[in-house]
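J.: You'll find entry22.csv just under this line, and it carries CSV, C-alpha atoms.
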chain,number,residue,atom,x,y,z
A,1184,MET,CA,-2.0,1.4,22.3
A,1185,VAL,CA,-1.7,-1.1,19.5
A,1186,LEU,CA,-5.0,-2.7,20.7
A,1187,ALA,CA,-6.7,0.7,20.2
A,1188,LEU,CA,-5.3,0.9,16.7
A,1189,GLN,CA,-6.6,-2.6,15.9
A,1190,ILE,CA,-10.0,-1.8,17.3
A,1191,ILE,CA,-10.2,1.3,15.0
A,1192,LEU,CA,-9.1,-0.8,12.0
A,1193,ALA,CA,-11.7,-3.5,12.8
A,1194,ILE,CA,-14.4,-0.9,13.1
A,1195,CYS,CA,-13.4,0.5,9.7
A,1196,PHE,CA,-13.5,-3.0,8.2
A,1197,VAL,CA,-17.0,-3.7,9.5
A,1198,GLY,CA,-18.3,-0.2,8.9
A,1199,ILE,CA,-17.1,0.1,5.3
A,1200,GLY,CA,-18.1,-3.5,4.6
A,1201,ALA,CA,-21.7,-2.9,5.8
A,1202,MET,CA,-21.9,0.3,3.8
A,1203,LEU,CA,-20.7,-1.5,0.6
A,1204,LEU,CA,-23.1,-4.4,1.0
A,1205,VAL,CA,-26.1,-2.1,1.6
A,1206,ASP,CA,-25.2,0.0,-1.5
A,1207,ILE,CA,-24.8,-3.1,-3.6
A,1208,ASN,CA,-28.1,-4.5,-2.5
A,1209,LYS,CA,-29.8,-1.1,-3.2
A,1210,ASN,CA,-28.0,0.0,-6.4
A,1211,HIS,CA,-26.0,-2.9,-8.0
A,1212,LYS,CA,-28.2,-6.0,-7.8
A,1213,GLY,CA,-28.5,-6.0,-11.6
A,1214,GLU,CA,-24.7,-6.2,-12.0
A,1215,LEU,CA,-24.5,-9.3,-9.8
A,1216,LYS,CA,-27.3,-11.0,-11.6
A,1217,GLU,CA,-25.9,-10.3,-15.1
A,1218,ALA,CA,-22.3,-11.3,-14.2
A,1219,GLY,CA,-21.4,-14.8,-15.4
A,1220,GLY,CA,-19.0,-17.2,-13.8
A,1221,LYS,CA,-16.1,-15.9,-15.9
A,1222,LYS,CA,-16.4,-12.4,-14.5
A,1223,TRP,CA,-16.6,-13.7,-10.9
A,1224,ALA,CA,-13.5,-15.9,-11.5
A,1225,GLN,CA,-11.6,-12.9,-13.0
A,1226,GLY,CA,-12.5,-10.8,-10.1
A,1227,MET,CA,-11.3,-13.3,-7.6
A,1228,PHE,CA,-8.1,-14.0,-9.5
A,1229,VAL,CA,-7.2,-10.3,-9.6
A,1230,GLY,CA,-8.0,-10.0,-5.9
A,1231,ILE,CA,-5.9,-12.9,-4.8
A,1232,LEU,CA,-2.9,-12.2,-7.1
A,1233,CYS,CA,-2.6,-8.5,-6.7
A,1234,ASN,CA,-3.2,-8.5,-2.9
A,1235,PHE,CA,-0.7,-11.3,-2.5
A,1236,LEU,CA,1.8,-8.9,-4.2
A,1237,ASP,CA,0.5,-6.0,-2.1
A,1238,THR,CA,1.4,-7.9,1.1
A,1239,LEU,CA,4.9,-8.4,-0.1
A,1240,GLY,CA,5.1,-4.6,-0.5
A,1241,CYS,CA,4.7,-4.3,-4.3
A,1242,GLY,CA,1.4,-2.5,-4.1
A,1243,SER,CA,-1.8,-3.7,-5.7
A,1244,PHE,CA,-3.1,-0.7,-7.7
A,1245,ALA,CA,-0.7,-1.0,-10.7
A,1246,PRO,CA,-1.1,-4.7,-11.3
A,1247,SER,CA,-4.9,-4.6,-10.7
A,1248,THR,CA,-5.2,-1.8,-13.2
A,1249,PHE,CA,-3.2,-3.7,-15.8
A,1250,LEU,CA,-5.3,-6.8,-15.4
A,1251,TYR,CA,-8.6,-4.9,-15.5
A,1252,LYS,CA,-7.6,-3.4,-18.8
A,1253,ALA,CA,-6.2,-6.6,-20.2
A,1254,LEU,CA,-9.3,-8.6,-19.2
A,1255,LYS,CA,-11.6,-5.8,-20.2
A,1256,ASN,CA,-14.0,-6.6,-17.4
A,1257,VAL,CA,-14.1,-3.2,-15.6
A,1258,ASP,CA,-15.0,0.1,-17.3
A,1259,ASP,CA,-12.2,2.6,-17.0
A,1260,ILE,CA,-14.3,5.1,-15.2
A,1261,ASN,CA,-15.0,2.5,-12.4
A,1262,ILE,CA,-11.4,1.4,-12.0
A,1263,PRO,CA,-10.3,4.0,-9.3
A,1264,GLY,CA,-13.4,3.3,-7.2
A,1265,THR,CA,-13.0,-0.5,-7.6
A,1266,LEU,CA,-9.4,-0.3,-6.4
A,1267,ASN,CA,-10.0,2.0,-3.5
A,1268,VAL,CA,-13.1,0.3,-2.2
A,1269,GLY,CA,-12.2,-3.3,-2.9
A,1270,ASP,CA,-8.6,-3.1,-1.7
A,1271,THR,CA,-9.6,-1.3,1.6
A,1272,PHE,CA,-10.6,-4.7,3.1
A,1273,PRO,CA,-7.4,-6.6,2.3
A,1274,VAL,CA,-5.2,-3.7,3.4
A,1275,ILE,CA,-7.0,-3.5,6.7
A,1276,PHE,CA,-6.8,-7.3,7.0
A,1277,GLU,CA,-3.0,-7.0,6.4
A,1278,ALA,CA,-2.6,-4.4,9.1
A,1279,LEU,CA,-4.6,-6.4,11.6
A,1280,ILE,CA,-2.7,-9.7,11.2
A,1281,PHE,CA,0.7,-8.1,11.0
A,1282,THR,CA,0.2,-5.8,14.0
A,1283,THR,CA,-0.9,-8.9,15.9
A,1284,THR,CA,1.8,-11.3,14.9
A,1285,VAL,CA,4.9,-9.2,14.2
A,1286,GLU,CA,6.8,-7.5,16.9
A,1287,CYS,CA,6.8,-3.7,16.7
A,1288,GLU,CA,7.4,-0.9,19.3
A,1289,PRO,CA,3.8,0.2,20.1
A,1290,ALA,CA,4.4,4.0,20.3
A,1291,PHE,CA,6.4,3.9,17.0
A,1292,LEU,CA,3.7,1.9,15.2
A,1293,VAL,CA,0.9,4.2,16.2
A,1294,ALA,CA,2.9,7.4,15.6
A,1295,MET,CA,3.8,6.3,12.1
A,1296,CYS,CA,0.2,5.5,11.3
A,1297,VAL,CA,-1.0,8.8,12.6
A,1298,ALA,CA,1.8,10.6,10.8
A,1299,ALA,CA,0.8,9.1,7.4
A,1300,MET,CA,-2.9,10.0,8.0
A,1301,ILE,CA,-1.9,13.6,8.9
A,1302,GLY,CA,0.2,13.9,5.8
A,1303,ALA,CA,-2.5,12.6,3.5
A,1304,TYR,CA,-5.3,14.8,4.9
A,1305,ALA,CA,-3.5,17.9,6.1
A,1306,PHE,CA,-1.0,18.5,3.2
A,1307,ALA,CA,-3.1,17.6,0.2
A,1308,GLU,CA,-3.3,21.1,-1.1
A,1309,ILE,CA,0.4,21.8,-0.7
A,1310,ILE,CA,1.7,18.5,-2.2
A,1311,THR,CA,-0.5,18.6,-5.3
A,1312,LYS,CA,1.3,21.8,-6.3
A,1313,TRP,CA,4.7,20.1,-6.4
A,1314,ASP,CA,6.3,19.0,-9.7
A,1315,VAL,CA,5.4,15.3,-9.9
A,1316,ASN,CA,8.2,14.4,-12.3
A,1317,LYS,CA,10.8,15.9,-10.0
A,1318,ILE,CA,9.4,13.9,-7.2
A,1319,ARG,CA,9.5,10.8,-9.4
A,1320,LEU,CA,13.2,11.4,-10.2
A,1321,TRP,CA,14.3,11.8,-6.7
A,1322,LEU,CA,12.2,9.1,-5.2
A,1323,GLY,CA,12.9,6.6,-7.9
A,1324,TRP,CA,16.7,6.9,-7.5
A,1325,ALA,CA,16.4,7.0,-3.7
A,1326,MET,CA,14.7,3.6,-3.9
A,1327,VAL,CA,17.5,2.2,-6.1
A,1328,ALA,CA,20.1,3.5,-3.6
A,1329,CYS,CA,18.2,2.0,-0.6
A,1330,ALA,CA,17.9,-1.4,-2.3
A,1331,ILE,CA,21.7,-1.4,-3.1
A,1332,ILE,CA,22.6,-0.4,0.5
A,1333,MET,CA,20.3,-3.0,2.1
A,1334,ALA,CA,21.5,-5.8,-0.2
A,1335,CYS,CA,25.2,-4.9,0.6
A,1336,LYS,CA,24.3,-4.8,4.3
A,1337,ASN,CA,22.6,-8.2,4.0
A,1338,ALA,CA,25.6,-9.7,2.3
A,1339,GLY,CA,28.2,-8.0,4.5
A,1340,ILE,CA,29.7,-6.1,1.6
A,1341,GLY,CA,31.3,-2.7,1.8
A,1342,PRO,CA,31.2,-0.1,4.6
A,1343,PHE,CA,27.5,-0.1,5.2
A,1344,GLY,CA,27.5,-2.1,8.5
A,1345,VAL,CA,24.9,-4.7,9.4
A,1346,VAL,CA,21.2,-4.9,8.8
A,1347,GLY,CA,19.2,-3.4,11.6
A,1348,ASP,CA,17.2,-5.7,13.9
A,1349,LEU,CA,15.2,-3.2,16.0
A,1350,PRO,CA,11.4,-3.6,16.4
A,1351,GLY,CA,11.0,0.2,16.1
A,1352,PHE,CA,12.1,3.2,18.1
A,1353,THR,CA,11.0,4.9,21.4
A,1354,VAL,CA,10.0,8.5,21.6
A,1355,GLY,CA,13.4,9.5,23.1
A,1356,GLN,CA,15.4,8.3,20.0
A,1357,TRP,CA,16.2,10.6,17.2
A,1358,GLN,CA,15.3,7.9,14.7
A,1359,PHE,CA,11.7,7.9,16.0
A,1360,TRP,CA,11.2,11.6,15.0
A,1361,VAL,CA,13.0,11.3,11.6
A,1362,ALA,CA,10.8,8.3,10.7
A,1363,VAL,CA,7.6,10.0,11.9
A,1364,ILE,CA,8.4,13.3,10.0
A,1365,LEU,CA,9.2,11.4,6.8
A,1366,ASN,CA,6.0,9.3,7.1
A,1367,VAL,CA,4.1,12.6,7.1
A,1368,VAL,CA,5.7,13.3,3.7
A,1369,TRP,CA,5.1,9.7,2.4
A,1370,GLY,CA,1.4,10.1,3.5
A,1371,ALA,CA,1.1,13.4,1.7
A,1372,LEU,CA,2.6,11.9,-1.5
A,1373,MET,CA,-0.3,9.5,-1.6
A,1374,ASP,CA,-2.3,12.5,-2.8
A,1375,VAL,CA,-0.4,12.6,-6.1
A,1376,GLY,CA,-0.4,8.9,-6.7
A,1377,PHE,CA,2.8,7.7,-5.0
A,1378,GLY,CA,2.4,4.5,-2.9
A,1379,LEU,CA,3.5,4.7,0.7
A,1380,TYR,CA,4.8,1.2,1.0
A,1381,ALA,CA,8.2,1.4,-0.6
A,1382,PRO,CA,9.4,4.8,0.9
A,1383,CYS,CA,8.1,3.9,4.3
A,1384,MET,CA,9.8,0.5,4.1
A,1385,ALA,CA,13.1,2.1,3.0
A,1386,THR,CA,12.9,4.7,5.8
A,1387,CYS,CA,12.5,2.0,8.5
A,1388,LEU,CA,15.2,-0.2,7.1
A,1389,LEU,CA,17.8,2.6,6.7
A,1390,LEU,CA,17.2,3.8,10.3
A,1391,GLY,CA,17.8,0.4,11.7
A,1392,CYS,CA,14.5,-1.5,11.9
A,1393,SER,CA,14.3,-5.2,11.2
A,1394,ALA,CA,12.7,-6.0,7.8
A,1395,GLY,CA,9.7,-7.7,9.6
A,1396,THR,CA,8.9,-4.5,11.5
A,1397,CYS,CA,8.4,-2.6,8.3
A,1398,PHE,CA,5.3,-4.6,7.4
A,1399,PRO,CA,2.9,-3.6,10.2
A,1400,VAL,CA,4.2,0.0,10.0
A,1401,PHE,CA,3.5,0.6,6.3
A,1402,MET,CA,0.3,-1.6,6.3
A,1403,GLY,CA,-1.1,0.2,9.3
A,1404,SER,CA,-0.3,3.6,7.7
A,1405,CYS,CA,-2.2,2.8,4.5
A,1406,ALA,CA,-5.1,1.1,6.3
A,1407,LEU,CA,-6.0,4.4,8.0
A,1408,LEU,CA,-5.9,6.3,4.7
A,1409,MET,CA,-8.1,4.1,2.5
A,1410,PRO,CA,-11.5,4.0,4.3
A,1411,ALA,CA,-12.2,7.7,3.7
A,1412,ASN,CA,-11.6,7.3,0.0
A,1413,SER,CA,-13.9,4.3,-0.1
A,1414,ILE,CA,-16.8,6.2,1.5
A,1415,VAL,CA,-16.6,8.8,-1.3
A,1416,PHE,CA,-16.6,6.2,-4.1
A,1417,ILE,CA,-19.4,4.1,-2.6
A,1418,LYS,CA,-21.6,7.2,-2.2
A,1419,LYS,CA,-21.0,8.1,-5.9
A,1420,GLY,CA,-21.5,4.5,-7.0
A,1421,ARG,CA,-18.3,4.6,-9.0
A,1422,TYR,CA,-17.2,1.0,-8.6
A,1423,ASP,CA,-17.7,-2.3,-10.3
A,1424,ALA,CA,-19.7,-4.5,-7.9
A,1425,VAL,CA,-18.3,-7.9,-9.0
A,1426,ALA,CA,-14.6,-6.8,-9.2
A,1427,THR,CA,-14.9,-5.0,-5.9
A,1428,LEU,CA,-16.3,-8.1,-4.2
A,1429,GLY,CA,-13.5,-10.1,-5.9
A,1430,ASN,CA,-11.0,-7.8,-4.3
A,1431,PHE,CA,-12.8,-8.0,-0.9
A,1432,ILE,CA,-12.9,-11.8,-0.7
A,1433,GLY,CA,-10.1,-12.8,-3.0
A,1434,GLY,CA,-7.8,-10.1,-1.7
A,1435,CYS,CA,-8.1,-11.3,1.9
A,1436,ILE,CA,-7.2,-14.8,0.7
A,1437,GLY,CA,-4.2,-13.5,-1.1
A,1438,VAL,CA,-3.1,-11.6,2.0
A,1439,PHE,CA,-3.4,-14.7,4.2
A,1440,ILE,CA,-1.3,-16.7,1.8
A,1441,ALA,CA,1.4,-14.0,1.5
A,1442,TRP,CA,1.4,-13.5,5.3
A,1443,LYS,CA,2.2,-17.2,5.9
A,1444,ILE,CA,5.0,-17.0,3.4
A,1445,ILE,CA,6.5,-13.8,4.7
A,1446,THR,CA,6.4,-14.8,8.4
A,1447,SER,CA,8.1,-18.2,7.5
A,1448,LEU,CA,11.0,-16.6,5.5
A,1449,PRO,CA,14.5,-16.4,7.1
A,1450,MET,CA,15.3,-12.7,7.7
A,1451,MET,CA,18.2,-12.7,5.2
A,1452,VAL,CA,15.8,-13.9,2.5
A,1453,LEU,CA,13.1,-11.4,3.5
A,1454,ILE,CA,15.7,-8.6,3.2
A,1455,TYR,CA,16.4,-9.6,-0.4
A,1456,VAL,CA,12.6,-9.8,-1.1
A,1457,VAL,CA,12.3,-6.2,0.2
A,1458,CYS,CA,15.3,-5.1,-2.1
A,1459,VAL,CA,13.5,-6.6,-5.1
A,1460,VAL,CA,10.3,-4.7,-4.2
A,1461,LEU,CA,12.3,-1.5,-3.8
A,1462,LEU,CA,13.9,-1.9,-7.2
A,1463,TRP,CA,10.5,-2.7,-8.8
A,1464,THR,CA,9.0,0.4,-7.3
A,1465,ALA,CA,11.9,2.5,-8.5
A,1466,TYR,CA,11.5,1.1,-12.0
A,1467,SER,CA,7.7,1.9,-11.9
A,1468,ILE,CA,8.3,5.4,-10.7
A,1469,LEU,CA,11.1,6.3,-13.2
A,1470,SER,CA,9.1,4.7,-16.1
A,1471,ALA,CA,6.1,6.8,-15.2
A,1472,ARG,CA,8.4,9.9,-15.3
A,1473,SER,CA,9.9,9.0,-18.7
A,1474,LYS,CA,6.4,8.3,-20.2
A,1475,ALA,CA,5.1,11.7,-18.9
A,1476,LEU,CA,8.0,13.6,-20.3
A,1477,LYS,CA,7.6,11.9,-23.7
A,1478,GLU,CA,3.9,12.8,-23.7
A,1479,ALA,CA,4.7,16.4,-22.8
A,1480,LYS,CA,7.1,16.7,-25.7
A,1481,ALA,CA,4.7,15.2,-28.1
A,1482,ALA,CA,1.9,17.5,-27.1
So, in terms of C-alpha cells, how does the structure I just supplied come out?
T.:
Amino acid sequence: MVLALQIILAICFVGIGAMLLVDINKNHKGELKEAGGKKWAQGMFVGILCNFLDTLGCGSFAPSTFLYKALKNVDDINIPGTLNVGDTFPVIFEALIFTTTVECEPAFLVAMCVAAMIGAYAFAEIITKWDVNKIRLWLGWAMVACAIIMACKNAGIGPFGVVGDLPGFTVGQWQFWVAVILNVVWGALMDVGFGLYAPCMATCLLLGCSAGTCFPVFMGSCALLMPANSIVFIKKGRYDAVATLGNFIGGCIGVFIAWKIITSLPMMVLIYVVCVVLLWTAYSILSARSKALKEAKAA
C-alpha cells in the first residue's frame, strides 16, 4: 500500500520534472542565458533555506515569498508559479524519504493522503465561500492551544497525560476516522491559502500519534496536491526559470539536511520543535487576520 503511494509520488516527480525541463528548453532558454551567478546563488539559497524550514513543518511559501521580494529577483506575477512548481519537487522528495524511513501505519498514511486530496479537489467551491478571517481566528488559536497541550504533555505538567507514541491508527479505531475526516477539511483549506502541515500535525499529535509519524502523513498529503497546480503554471509559463530550478535542486538539498537532523533528534526535543512550529503558524495566521481587518477598515 505504501509502496503504491511511493510509486505514484515518484511518477509525479519524474513526470513534472520532465515537463518543466521541456518547457524551459522551449520557452525559457533566454532567462537561463541572461541570469548571472548572483541570481543562481540567490535561487539556490532560497531553495535550501526555505525547504529546510518546510521539512521541519514551518512551510516554505511564506519565507520564500519574503525572500523573493527582499532580493527583488522574481517578478511578483511569477511568484505563485515559482513556488508551486519549484517546491513540488522538494515536497515529493520529503514524502518519499519520510515514508521510507519513518514508521507509519500503512492504511492510515494512505487514507490521510487521499483524504487531503479529496478535500482540496472536491470541496474547493464550498470552502472558498467561507469567511477567511473567521477561519484564521479559530485555526490560529487552535494551534496555540495544541502547542501548549503538547508542551505540557512533553514536560509531564498538568492533567494532559503523556505524549502519544502510536505510528498511526487502524481502520477499526475511532481516531482513524476522526483524523481522516479532519484531513479532508485541512486539504480543502489549502484552496484558500491555509497550509496543511500544522493542522494535520496537530490532529495526529492530539489523537495520540508519535511526533515522527506526523511527518510522512502531512508531507504525503501535500505531495499529492501540488503536482496538479504545477502543471497549470507550467502550461501558462507563469514561473521564473532560475528561481524554480533553485527550488528544485536547492530545495531537495535542504530537505535532505533537515531529514538527517529530524531523524536524529530525541523524541522529547522533536516534540518541542513541533510546538515551536505550531506557535509560529498560529502567529502567521493571526497576523494575517489582523492585517486583513485593518485593510478592510481603511478601505
J.: Kindly assemble as JSON lines a list of the segment 1192-1296 of chain A residues that lie within 12 Å of segment 1453-1460 of chain A, each paired with its nearest atom pair and their distance in Å to one decimal, using all atoms listed in the file, sorted first by chain and then by ascending residue number.
T.:
{"residue": "A:Leu1236", "atom": "CA", "partner": "A:Val1460", "partner_atom": "CA", "distance": 9.5}
{"residue": "A:Asp1237", "atom": "CA", "partner": "A:Val1460", "partner_atom": "CA", "distance": 10.1}
{"residue": "A:Thr1238", "atom": "CA", "partner": "A:Val1460", "partner_atom": "CA", "distance": 10.8}
{"residue": "A:Leu1239", "atom": "CA", "partner": "A:Val1460", "partner_atom": "CA", "distance": 7.7}
{"residue": "A:Gly1240", "atom": "CA", "partner": "A:Val1460", "partner_atom": "CA", "distance": 6.4}
{"residue": "A:Cys1241", "atom": "CA", "partner": "A:Val1460", "partner_atom": "CA", "distance": 5.6}
{"residue": "A:Gly1242", "atom": "CA", "partner": "A:Val1460", "partner_atom": "CA", "distance": 9.2}
J.: Residues at most 10 Å from Val1415 of chain A, counting only C-alpha atoms, excluding those fewer than 5 positions away in the same chain, as a PyMOL selection string?
T.: chain A and resi 1264+1267-1268+1410+1420-1421
J.: Can you pull out the residues contacting segment 1388-1402 of chain A? Cut-off 7 Å, using only C-alpha atoms, and skip same-chain residues under 3 positions away; I want them as a PDB file with C-alpha atoms, in the coordinates of the input.
T.:
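Dumped everything to result_6.pdb:
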ATOM      1  CA  VAL A1274      -5.200  -3.700   3.400  1.00  0.00           C
ATOM      2  CA  GLU A1277      -3.000  -7.000   6.400  1.00  0.00           C
ATOM      3  CA  ALA A1278      -2.600  -4.400   9.100  1.00  0.00           C
ATOM      4  CA  PHE A1281       0.700  -8.100  11.000  1.00  0.00           C
ATOM      5  CA  THR A1282       0.200  -5.800  14.000  1.00  0.00           C
ATOM      6  CA  VAL A1285       4.900  -9.200  14.200  1.00  0.00           C
ATOM      7  CA  GLU A1286       6.800  -7.500  16.900  1.00  0.00           C
ATOM      8  CA  CYS A1287       6.800  -3.700  16.700  1.00  0.00           C
ATOM      9  CA  LEU A1292       3.700   1.900  15.200  1.00  0.00           C
ATOM     10  CA  MET A1295       3.800   6.300  12.100  1.00  0.00           C
ATOM     11  CA  CYS A1296       0.200   5.500  11.300  1.00  0.00           C
ATOM     12  CA  VAL A1346      21.200  -4.900   8.800  1.00  0.00           C
ATOM     13  CA  GLY A1347      19.200  -3.400  11.600  1.00  0.00           C
ATOM     14  CA  ASP A1348      17.200  -5.700  13.900  1.00  0.00           C
ATOM     15  CA  LEU A1349      15.200  -3.200  16.000  1.00  0.00           C
ATOM     16  CA  PRO A1350      11.400  -3.600  16.400  1.00  0.00           C
ATOM     17  CA  GLY A1351      11.000   0.200  16.100  1.00  0.00           C
ATOM     18  CA  GLN A1358      15.300   7.900  14.700  1.00  0.00           C
ATOM     19  CA  LEU A1379       3.500   4.700   0.700  1.00  0.00           C
ATOM     20  CA  TYR A1380       4.800   1.200   1.000  1.00  0.00           C
ATOM     21  CA  CYS A1383       8.100   3.900   4.300  1.00  0.00           C
ATOM     22  CA  MET A1384       9.800   0.500   4.100  1.00  0.00           C
ATOM     23  CA  ALA A1385      13.100   2.100   3.000  1.00  0.00           C
ATOM     24  CA  CYS A1405      -2.200   2.800   4.500  1.00  0.00           C
ATOM     25  CA  ALA A1406      -5.100   1.100   6.300  1.00  0.00           C
ATOM     26  CA  LEU A1453      13.100 -11.400   3.500  1.00  0.00           C
ATOM     27  CA  ILE A1454      15.700  -8.600   3.200  1.00  0.00           C
TER      28      ILE A1454
END
J.: Would you mind telling me which residue in A:Phe1244, A:Tyr1251, A:Phe1272, A:Phe1228 lies nearest to Ile1194 of chain A when using all atoms listed in the file?
T.: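 The answer is A:Phe1272, which sits nearest to Ile1194 of chain A.
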J.: Between atom CA of Cys1435 of chain A and atom CA of Asn1234 of chain A, what is the distance, to one decimal in Å?
T.: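 Value for the atom CA of Cys1435 of chain A-atom CA of Asn1234 of chain A distance: 7.4 Å.
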J.: What separation in Å, quoted to one decimal, exists between atom CA of Ile1432 of chain A and atom CA of Asp1270 of chain A?
T.: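 The value is 9.8 Å.
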J.: For atom CA of Pro1289 of chain A and atom CA of Ala1362 of chain A, quote the distance in Å rounded to one decimal.
T.: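 Spanning atom CA of Pro1289 of chain A to atom CA of Ala1362 of chain A is a straight-line distance of 14.2 Å.
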J.: Around the point (6.5, 8.1, 16.8) (coordinates from the file), which residues reach within 10 Å if we count all atoms listed in the file? Answer as a VMD selection string.
T.: chain A and resid 1288 to 1298 1351 to 1356 1358 to 1364 1366
J.: Would you output that residue set with C-alpha atoms, as a CSV table (one decimal), in the frame of the given file?
T.:
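Printed below is selection_20.csv as written:
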chain,number,residue,atom,x,y,z
A,1288,GLU,CA,7.4,-0.9,19.3
A,1289,PRO,CA,3.8,0.2,20.1
A,1290,ALA,CA,4.4,4.0,20.3
A,1291,PHE,CA,6.4,3.9,17.0
A,1292,LEU,CA,3.7,1.9,15.2
A,1293,VAL,CA,0.9,4.2,16.2
A,1294,ALA,CA,2.9,7.4,15.6
A,1295,MET,CA,3.8,6.3,12.1
A,1296,CYS,CA,0.2,5.5,11.3
A,1297,VAL,CA,-1.0,8.8,12.6
A,1298,ALA,CA,1.8,10.6,10.8
A,1351,GLY,CA,11.0,0.2,16.1
A,1352,PHE,CA,12.1,3.2,18.1
A,1353,THR,CA,11.0,4.9,21.4
A,1354,VAL,CA,10.0,8.5,21.6
A,1355,GLY,CA,13.4,9.5,23.1
A,1356,GLN,CA,15.4,8.3,20.0
A,1358,GLN,CA,15.3,7.9,14.7
A,1359,PHE,CA,11.7,7.9,16.0
A,1360,TRP,CA,11.2,11.6,15.0
A,1361,VAL,CA,13.0,11.3,11.6
A,1362,ALA,CA,10.8,8.3,10.7
A,1363,VAL,CA,7.6,10.0,11.9
A,1364,ILE,CA,8.4,13.3,10.0
A,1366,ASN,CA,6.0,9.3,7.1
J.: If we count only C-alpha atoms, what is near Gly1370 of chain A at a cut-off of 6 Å, once residues fewer than 4 positions away on the same chain are taken out, given as a list in words?
T.: Ala1299, Gly1302, Ala1303 and Asn1366 of chain A
J.: List the residues sitting within 10 Å of (-7.7, -15.3, 1.3) in the file's frame, using only C-alpha atoms, as JSON, numbers by chain.
T.: {"A": [1227, 1230, 1231, 1234, 1235, 1273, 1276, 1430, 1431, 1432, 1433, 1434, 1435, 1436, 1437, 1438, 1439, 1440, 1441]}
J.: Between A:Trp1463, A:Trp1321, A:Trp1223, A:Trp1369, single out the one closest to Leu1408 of chain A, counting all atoms listed in the file.
T.: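 Selected residue with least distance to Leu1408 of chain A: A:Trp1369.
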J.: Please list as a PyMOL selection string every residue within 12 Å of Lys1216 of chain A, counting only C-alpha atoms and excluding residues in the same chain fewer than 6 positions away.
T.: chain A and resi 1207-1208+1222-1223+1424-1425
